Every structure is written in structure tokens, then in C-alpha cells.
Amino acid sequence: ADISWQFYQSYRRGLEQMKMIEKEAEAAKAALVVKSQFVSIVSHELRTPLTSIKGSIDLINSGRTGELSPKTRSLLDIAGRNSQRLALLIDDLLDLQKMESGEMSFRLEPLDLHETVRDAIESTTGFASKFGIHVETRLEAPGCRIMGDHDRLVQALQNLLSNAMKFSREGGTVTVTARTDGSRARVSVRDTGVGIPDGAEDRVFGKFTQVDSSEKRKVGGTGLGLNITKQIAERHNATIRYESKLGVGTVFFLEFESIADSRPVDDGAAPSR
Ligand code: ADP
């Protein structure tokens, strides 16, 4: 009887512990929902007034509301740059929230690697000319395909490219390569910029974290871009890493499982070879 009493007691304790764990898990889930709703509401509520601010700035800048003195123009430039920064921050916050709450959907389909890389480069041409950066491409392994979400991959590559341009000196070169290595497809983005000191990996891929001090920056950033990029890579079973030397430059690698030509792809298209 003693043994069965002891057994009963430990069974009761186990049951209570299980209930407690369940309660904690529920509370954590509720907190996550609240957090995600909060970010989403705040981001949307910030976006609307910001659009109106930007619209007004553009209108004044156009000269249609009257002549601008040089002083007014330079103040307006500051307002414009800062509202642009705010817009980027809101976009990044929204993306992060969608990613973490699982709301960001990924539609994976067979993609041509070269095309995807070219689309990303094209989307950063404005950035490149603004910073006087020359972009070189070395695209090997034509016809290589990967499973991916086109828009998200372009976004990830865009982040790598814009960072490479942002952290380079004027007149610098950014080299983009694509090649295959066995069943892996690798895209690299190399710059001749400021470089990243050793041991800064957590800050590079962290949330809201930056390596350098903000005074040295040519353009602001949120410190979210590479965190989002890493999450996009993970959703593609891709790996992201970098090699860097201070004062010499940095290269970021994004590595995917490529679709072997012999493997049937489910888009109905015939294998390319
Ligand atoms: P940010 O909005 O600051 O660009 P990211 O998440 O994209 O945020 O990058 C985080 C930090 O990593 C940057 O602030 C910068 O310090 C460092 N970093 C990223 N890419 C490069 C690069 N190509 N060269 C030097 N530093 C870089």
C-alpha cells in the first residue's frame, strides 16, 4: 500500500508539473500574438502619416509651392532623408514580425539562378550610382536552378548588395559571382570596403545591431537587414556566411542546394539537359 501511495503521489506531482508547463506555453503563445499584433498595428499606423509627410516634402521640393532658399532646401533634404530612414525601418520591422510570426509565406519554385541574381543587381543600380560603385558579375554554371521564392531571394541578395555598396569607398567595386560546386549553388557578393573586425558575427546577423558607430555611416541602417536575410536563407535551407578583412573588404556567401538537371522538377517543364 505504501508503494502505491508513493506512486500515486509522484503521479499527482507529474500531472501538476505538466499542467504548469502547459499554462506557461499558453502564456508564451499569447504574448507572441500580442507582440506580433502590436508591431503590425504600430507599423501600419506609422506608415500612413509617413506617406503624407513624404508627399508634402516632395511637393515642396518640386518648387510648385514657391521658390526655396538654399537653407530651406538643405533642411528639406534632411527631412527627406530621415523620412526615408523611417520608411526603411518600418518595412524591416514589418518583415521581421511577419517572418517571426510565420505570416510571411514562401512560395518555392524552380528558379534560374542567373536570372534571380540579375534581378537583384538591377534593383540596386540606383544605389550603385549614388555611391559611385562599379558592379562586376561573374556568372558561371548557366542553367543552374534552385528551389526558391523569387521575391524573397531578390530581397536577401539586395540586402547583401546594398551593404557591400554602403560599406565601400566611392569608386569601389562590388563583384557578384554565381557558381556550382557539386550539388551546391553558391552566390557571393564581394566588396572592397571597410571590412568587419573578427568576432563580430553576432552583431552582423543580430537584430538591431551594427558593427560600426553610426557617425561613420554614409547612410543609416536599421541593423535588421542581415537578420532578415539570414532568416530568408534558412527558409530556403541555404547557408549564409562571410569572410572579411578589416580595411580590405568582405565577401558574403549564400549557398543553396541546386536542383540537379536529372532530377524532375514539379513545374511540368522538361529537364534542361
Ligand atoms: P544595417 O541596416 O546596419 O546595414 P545589417 O543587418 O544589414 O544592418 O548589417 C549589420 C551590420 O553588419 C552593419 O551595420 C555593418 O556594421 C555590418 N556589415 C554588413 N555588411 C557589411 C559589409 N559588406 N562590409 C562591412 N560591414 C558590413
# chains A, B, ... in the order shown; residues from 1 in each chain; ligands from 1

call {"tool": "residues_near_ligand", "arguments": {"ligand": "ligand 1", "cutoff": "8 Å", "atoms": "only C-alpha atoms and all ligand atoms", "output": "count of residues only"}}
result
41

call {"tool": "residues_around", "arguments": {"residues": "A:His44", "least_positions_apart": "4", "cutoff": "9 Å", "atoms": "only C-alpha atoms", "output": "number ranges by chain"}}
result
A: 39-40, 48, 90, 94

call {"tool": "select_by_dssp", "arguments": {"residues": "stretch 19-142 of chain A", "states": "alpha helix (DSSP H)", "output": "ChimeraX atom specification"}}
result
/A:19-61,70-100,113-123,125-131

call {"tool": "write_last_selection", "arguments": {"atoms": "C-alpha atoms", "output": "PDB file, in the first residue's frame"}}
result
ATOM      1  CA  LYS A  19      -0.360  21.495 -16.229  1.00  0.00           C
ATOM      2  CA  MET A  20       2.079  24.230 -15.242  1.00  0.00           C
ATOM      3  CA  ILE A  21       4.161  23.706 -18.371  1.00  0.00           C
ATOM      4  CA  GLU A  22       1.015  23.812 -20.494  1.00  0.00           C
ATOM      5  CA  LYS A  23      -0.029  27.081 -18.835  1.00  0.00           C
ATOM      6  CA  GLU A  24       3.384  28.621 -19.407  1.00  0.00           C
ATOM      7  CA  ALA A  25       3.348  27.573 -23.040  1.00  0.00           C
ATOM      8  CA  GLU A  26      -0.100  29.127 -23.480  1.00  0.00           C
ATOM      9  CA  ALA A  27       1.051  32.387 -21.863  1.00  0.00           C
ATOM     10  CA  ALA A  28       4.114  32.483 -24.106  1.00  0.00           C
ATOM     11  CA  LYS A  29       1.932  31.904 -27.165  1.00  0.00           C
ATOM     12  CA  ALA A  30      -0.473  34.667 -26.111  1.00  0.00           C
ATOM     13  CA  ALA A  31       2.449  37.050 -25.532  1.00  0.00           C
ATOM     14  CA  LEU A  32       3.756  36.290 -29.005  1.00  0.00           C
ATOM     15  CA  VAL A  33       0.362  37.023 -30.554  1.00  0.00           C
ATOM     16  CA  VAL A  34       0.119  40.338 -28.660  1.00  0.00           C
ATOM     17  CA  LYS A  35       3.658  41.289 -29.678  1.00  0.00           C
ATOM     18  CA  SER A  36       3.012  40.476 -33.285  1.00  0.00           C
ATOM     19  CA  GLN A  37      -0.289  42.408 -33.281  1.00  0.00           C
ATOM     20  CA  PHE A  38       1.431  45.352 -31.622  1.00  0.00           C
ATOM     21  CA  VAL A  39       4.203  45.534 -34.202  1.00  0.00           C
ATOM     22  CA  SER A  40       1.748  45.167 -37.035  1.00  0.00           C
ATOM     23  CA  ILE A  41      -0.580  47.928 -35.757  1.00  0.00           C
ATOM     24  CA  VAL A  42       2.271  50.282 -34.953  1.00  0.00           C
ATOM     25  CA  SER A  43       3.888  49.729 -38.321  1.00  0.00           C
ATOM     26  CA  HIS A  44       0.671  50.391 -40.222  1.00  0.00           C
ATOM     27  CA  GLU A  45      -0.236  53.397 -38.100  1.00  0.00           C
ATOM     28  CA  LEU A  46       3.223  54.838 -38.730  1.00  0.00           C
ATOM     29  CA  ARG A  47       3.174  54.193 -42.428  1.00  0.00           C
ATOM     30  CA  THR A  48       0.121  56.288 -43.299  1.00  0.00           C
ATOM     31  CA  PRO A  49       1.250  59.563 -41.722  1.00  0.00           C
ATOM     32  CA  LEU A  50       4.738  58.980 -43.077  1.00  0.00           C
ATOM     33  CA  THR A  51       3.415  58.675 -46.618  1.00  0.00           C
ATOM     34  CA  SER A  52       1.719  62.034 -46.141  1.00  0.00           C
ATOM     35  CA  ILE A  53       4.925  63.624 -44.790  1.00  0.00           C
ATOM     36  CA  LYS A  54       6.906  62.307 -47.755  1.00  0.00           C
ATOM     37  CA  GLY A  55       4.251  63.542 -50.149  1.00  0.00           C
ATOM     38  CA  SER A  56       4.429  67.041 -48.683  1.00  0.00           C
ATOM     39  CA  ILE A  57       8.222  67.087 -48.809  1.00  0.00           C
ATOM     40  CA  ASP A  58       8.169  66.018 -52.469  1.00  0.00           C
ATOM     41  CA  LEU A  59       5.627  68.708 -53.301  1.00  0.00           C
ATOM     42  CA  ILE A  60       7.654  71.490 -51.642  1.00  0.00           C
ATOM     43  CA  ASN A  61      10.809  70.129 -53.306  1.00  0.00           C
ATOM     44  CA  PRO A  70      19.264  77.195 -50.214  1.00  0.00           C
ATOM     45  CA  LYS A  71      18.811  76.938 -46.449  1.00  0.00           C
ATOM     46  CA  THR A  72      15.219  75.723 -46.804  1.00  0.00           C
ATOM     47  CA  ARG A  73      16.309  73.220 -49.435  1.00  0.00           C
ATOM     48  CA  SER A  74      19.007  71.778 -47.221  1.00  0.00           C
ATOM     49  CA  LEU A  75      16.596  71.483 -44.283  1.00  0.00           C
ATOM     50  CA  LEU A  76      14.111  69.800 -46.560  1.00  0.00           C
ATOM     51  CA  ASP A  77      16.822  67.352 -47.646  1.00  0.00           C
ATOM     52  CA  ILE A  78      17.381  66.388 -44.026  1.00  0.00           C
ATOM     53  CA  ALA A  79      13.655  65.865 -43.521  1.00  0.00           C
ATOM     54  CA  GLY A  80      13.501  63.784 -46.711  1.00  0.00           C
ATOM     55  CA  ARG A  81      16.450  61.570 -45.747  1.00  0.00           C
ATOM     56  CA  ASN A  82      15.039  60.972 -42.305  1.00  0.00           C
ATOM     57  CA  SER A  83      11.589  60.076 -43.518  1.00  0.00           C
ATOM     58  CA  GLN A  84      13.264  57.647 -45.924  1.00  0.00           C
ATOM     59  CA  ARG A  85      15.100  56.071 -42.985  1.00  0.00           C
ATOM     60  CA  LEU A  86      11.885  55.786 -41.052  1.00  0.00           C
ATOM     61  CA  ALA A  87      10.193  54.125 -44.035  1.00  0.00           C
ATOM     62  CA  LEU A  88      13.015  51.560 -44.260  1.00  0.00           C
ATOM     63  CA  LEU A  89      12.785  50.854 -40.547  1.00  0.00           C
ATOM     64  CA  ILE A  90       9.032  50.299 -40.773  1.00  0.00           C
ATOM     65  CA  ASP A  91       9.450  47.949 -43.747  1.00  0.00           C
ATOM     66  CA  ASP A  92      12.119  45.954 -41.911  1.00  0.00           C
ATOM     67  CA  LEU A  93      10.034  45.793 -38.722  1.00  0.00           C
ATOM     68  CA  LEU A  94       7.047  44.533 -40.660  1.00  0.00           C
ATOM     69  CA  ASP A  95       9.135  41.917 -42.443  1.00  0.00           C
ATOM     70  CA  LEU A  96      10.666  40.750 -39.189  1.00  0.00           C
ATOM     71  CA  GLN A  97       7.291  40.486 -37.497  1.00  0.00           C
ATOM     72  CA  LYS A  98       5.830  38.557 -40.441  1.00  0.00           C
ATOM     73  CA  MET A  99       8.811  36.246 -40.508  1.00  0.00           C
ATOM     74  CA  GLU A 100       8.759  35.511 -36.794  1.00  0.00           C
ATOM     75  CA  LEU A 113      19.991  31.264 -60.545  1.00  0.00           C
ATOM     76  CA  HIS A 114      21.427  33.796 -63.031  1.00  0.00           C
ATOM     77  CA  GLU A 115      18.079  35.472 -63.569  1.00  0.00           C
ATOM     78  CA  THR A 116      17.494  35.833 -59.843  1.00  0.00           C
ATOM     79  CA  VAL A 117      20.949  37.320 -59.304  1.00  0.00           C
ATOM     80  CA  ARG A 118      20.491  39.721 -62.241  1.00  0.00           C
ATOM     81  CA  ASP A 119      17.114  40.882 -60.912  1.00  0.00           C
ATOM     82  CA  ALA A 120      18.718  41.668 -57.559  1.00  0.00           C
ATOM     83  CA  ILE A 121      21.583  43.581 -59.178  1.00  0.00           C
ATOM     84  CA  GLU A 122      19.149  45.543 -61.321  1.00  0.00           C
ATOM     85  CA  SER A 123      17.171  46.578 -58.262  1.00  0.00           C
ATOM     86  CA  THR A 125      21.508  50.143 -59.725  1.00  0.00           C
ATOM     87  CA  GLY A 126      20.214  53.384 -58.171  1.00  0.00           C
ATOM     88  CA  PHE A 127      22.164  52.628 -55.036  1.00  0.00           C
ATOM     89  CA  ALA A 128      25.305  51.804 -57.022  1.00  0.00           C
ATOM     90  CA  SER A 129      25.277  55.060 -58.949  1.00  0.00           C
ATOM     91  CA  LYS A 130      24.529  57.050 -55.804  1.00  0.00           C
ATOM     92  CA  PHE A 131      27.651  55.657 -54.148  1.00  0.00           C
TER      93      PHE A 131
END

call {"tool": "atom_distance", "arguments": {"atom1": "atom CA of A:Gly172", "atom2": "atom CA of A:Gly247"}}
result
12.5 Å
